[in-house]
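Participant: Just entry_6.cif, nothing more (mmCIF, C-alpha atoms and all ligand atoms):
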data_data
#
loop_
_atom_site.label_atom_id
_atom_site.label_comp_id
_atom_site.auth_asym_id
_atom_site.auth_seq_id
_atom_site.Cartn_x
_atom_site.Cartn_y
_atom_site.Cartn_z
CA MET A 45 -32.51 -124.35 47.56
CA ALA A 46 -31.87 -127.30 45.31
CA LYS A 47 -35.32 -128.62 46.10
CA PHE A 48 -36.84 -125.34 45.02
CA VAL A 49 -35.10 -125.54 41.66
CA VAL A 50 -36.33 -129.09 41.12
CA VAL A 51 -39.87 -128.12 42.04
CA ALA A 52 -39.68 -125.13 39.72
CA LEU A 53 -38.45 -127.33 36.91
CA VAL A 54 -41.21 -129.85 37.50
CA VAL A 55 -43.86 -127.15 37.66
CA GLY A 56 -42.46 -125.59 34.52
CA LEU A 57 -42.48 -128.95 32.78
CA VAL A 58 -46.07 -129.61 33.81
CA LEU A 59 -47.14 -126.18 32.62
CA TRP A 60 -45.32 -126.70 29.34
CA LEU A 61 -47.00 -130.05 28.87
CA MET A 62 -50.40 -128.58 29.65
CA PHE A 63 -50.22 -125.35 27.70
CA GLY A 64 -47.21 -125.51 25.47
CA ARG A 65 -48.42 -128.55 23.65
CA ARG A 66 -51.93 -127.31 23.22
CA GLY A 67 -50.66 -124.50 21.05
CA ARG A 68 -49.49 -126.71 18.28
CA ARG A 69 -52.61 -128.58 17.53
CA VAL A 70 -52.47 -130.95 14.68
CA PRO A 71 -54.92 -129.74 12.10
CA PRO A 72 -57.81 -132.12 11.69
CA ALA A 73 -57.57 -134.41 8.77
CA ALA A 74 -58.96 -132.61 5.81
CA THR A 75 -62.16 -134.04 4.56
CA PRO A 76 -61.28 -136.07 1.53
CA LYS A 77 -62.16 -134.10 -1.52
CA ARG A 78 -63.16 -135.83 -4.65
CA ARG A 79 -59.75 -135.87 -6.17
CA GLY A 80 -60.02 -139.34 -7.49
CA PRO A 81 -60.89 -140.27 -10.98
CA GLU A 82 -63.43 -138.03 -12.54
CA ASP A 83 -66.92 -139.20 -13.25
CA MET A 84 -67.01 -140.93 -16.55
CA LEU A 85 -69.93 -140.41 -18.87
CA THR A 86 -70.85 -142.30 -21.94
CA CYS A 87 -71.63 -140.62 -25.20
CA ALA A 88 -75.26 -141.38 -25.96
CA HIS A 89 -74.45 -141.49 -29.65
CA CYS A 90 -71.26 -143.49 -30.06
CA GLY A 91 -70.82 -144.93 -26.60
CA VAL A 92 -67.35 -143.57 -26.00
CA HIS A 93 -66.42 -142.91 -22.38
CA LEU A 94 -65.21 -139.49 -21.47
CA PRO A 95 -64.72 -137.48 -18.28
CA ARG A 96 -67.61 -135.35 -17.17
CA SER A 97 -65.63 -132.17 -17.67
CA GLU A 98 -65.23 -132.94 -21.36
CA ALA A 99 -68.71 -134.15 -22.01
CA LEU A 100 -71.43 -132.14 -23.63
CA VAL A 101 -74.65 -132.67 -21.78
CA ALA A 102 -77.93 -132.05 -23.53
CA GLY A 103 -81.33 -133.29 -22.61
CA GLY A 104 -79.97 -135.25 -19.68
CA ARG A 105 -77.60 -137.22 -21.93
CA ALA A 106 -73.89 -136.87 -22.41
CA TYR A 107 -72.16 -136.60 -25.73
CA CYS A 108 -68.54 -136.66 -26.72
CA SER A 109 -68.79 -133.90 -29.27
CA ALA A 110 -71.10 -131.26 -30.63
CA ALA A 111 -71.61 -133.35 -33.73
CA HIS A 112 -72.88 -136.26 -31.71
CA ARG A 113 -74.94 -133.97 -29.56
CA ASP A 114 -76.57 -132.61 -32.68
CA ALA A 115 -77.03 -136.11 -34.03
CA GLY A 116 -78.73 -137.11 -30.83
CA PRO A 117 -78.78 -140.49 -29.14
CA ARG A 118 -78.23 -143.38 -31.40
CA VAL A 119 -81.25 -145.52 -31.86
CA ASP A 120 -80.50 -149.15 -32.39
CA GLY A 121 -83.25 -151.15 -33.96
ZN ZN A 201 -69.89 -139.68 -29.44
#
Would you mind writing the structure in this file as structure tokens?
Facilitator:
Amino acid sequence: MAKFVVVALVVGLVLWLMFGRRGRRVPPAATPKRRGPEDMLTCAHCGVHLPRSEALVAGGRAYCSAAHRDAGPRVDG
């Protein structure tokens, strides 16, 4: 009778290892989202750096403010 209990325990342990563990799967590592520093753009007029979310983009160029956007890219020389 004692042997039967041991066998039952072993079988139960094996079943637990096979099926019990599978239930709690570790979620796969989330794909790294772009949470790092934001893209930095440069104002085409004054050259100041600012995050993309704060930049005003017009004509494919970034500006730091509406005034500089209206002024347009600075032309040196
Ligand atoms: Zn500017």
Participant: Nearest residue to ligand ZN 201 (chain A) out of A:His112, A:Arg105, A:Lys47, A:Arg96, using only C-alpha atoms and all ligand atoms?
Facilitator: A:His112
Participant: Env of A:Glu82: 10 Å cut, atoms = all atoms listed in the file, seq-sep filter 5 positions within chain, self excluded. Answer as a PDB file with C-alpha atoms, in the frame of the given file.
Facilitator:
ATOM      1  CA  LEU A  94     -65.210-139.490 -21.470  1.00  0.00           C
ATOM      2  CA  PRO A  95     -64.720-137.480 -18.280  1.00  0.00           C
ATOM      3  CA  ARG A  96     -67.610-135.350 -17.170  1.00  0.00           C
ATOM      4  CA  SER A  97     -65.630-132.170 -17.670  1.00  0.00           C
TER       5      SER A  97
END
Participant: Could you state the separation of atom CA of A:Phe48 and atom CA of A:Trp60 in Å, given to one decimal place?
Facilitator: 17.9 Å
Participant: Pick out the residues no farther than 9 Å from ligand ZN 201 (chain A), counting only C-alpha atoms and all ligand atoms, and list them as a VMD selection string.
Facilitator: chain A and resid 86 to 93 106 to 113 117
Participant: Expressed in Å to a single decimal, how great is the separation between atom CA of A:Gly116 and atom CA of A:Asp83?
Facilitator: 21.3 Å
Participant: What does the distance between atom CA of A:Val101 and atom CA of A:Met84 come to in Å, to one decimal place?
Facilitator: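 Going from atom CA of A:Val101 over to atom CA of A:Met84 covers 12.4 Å.
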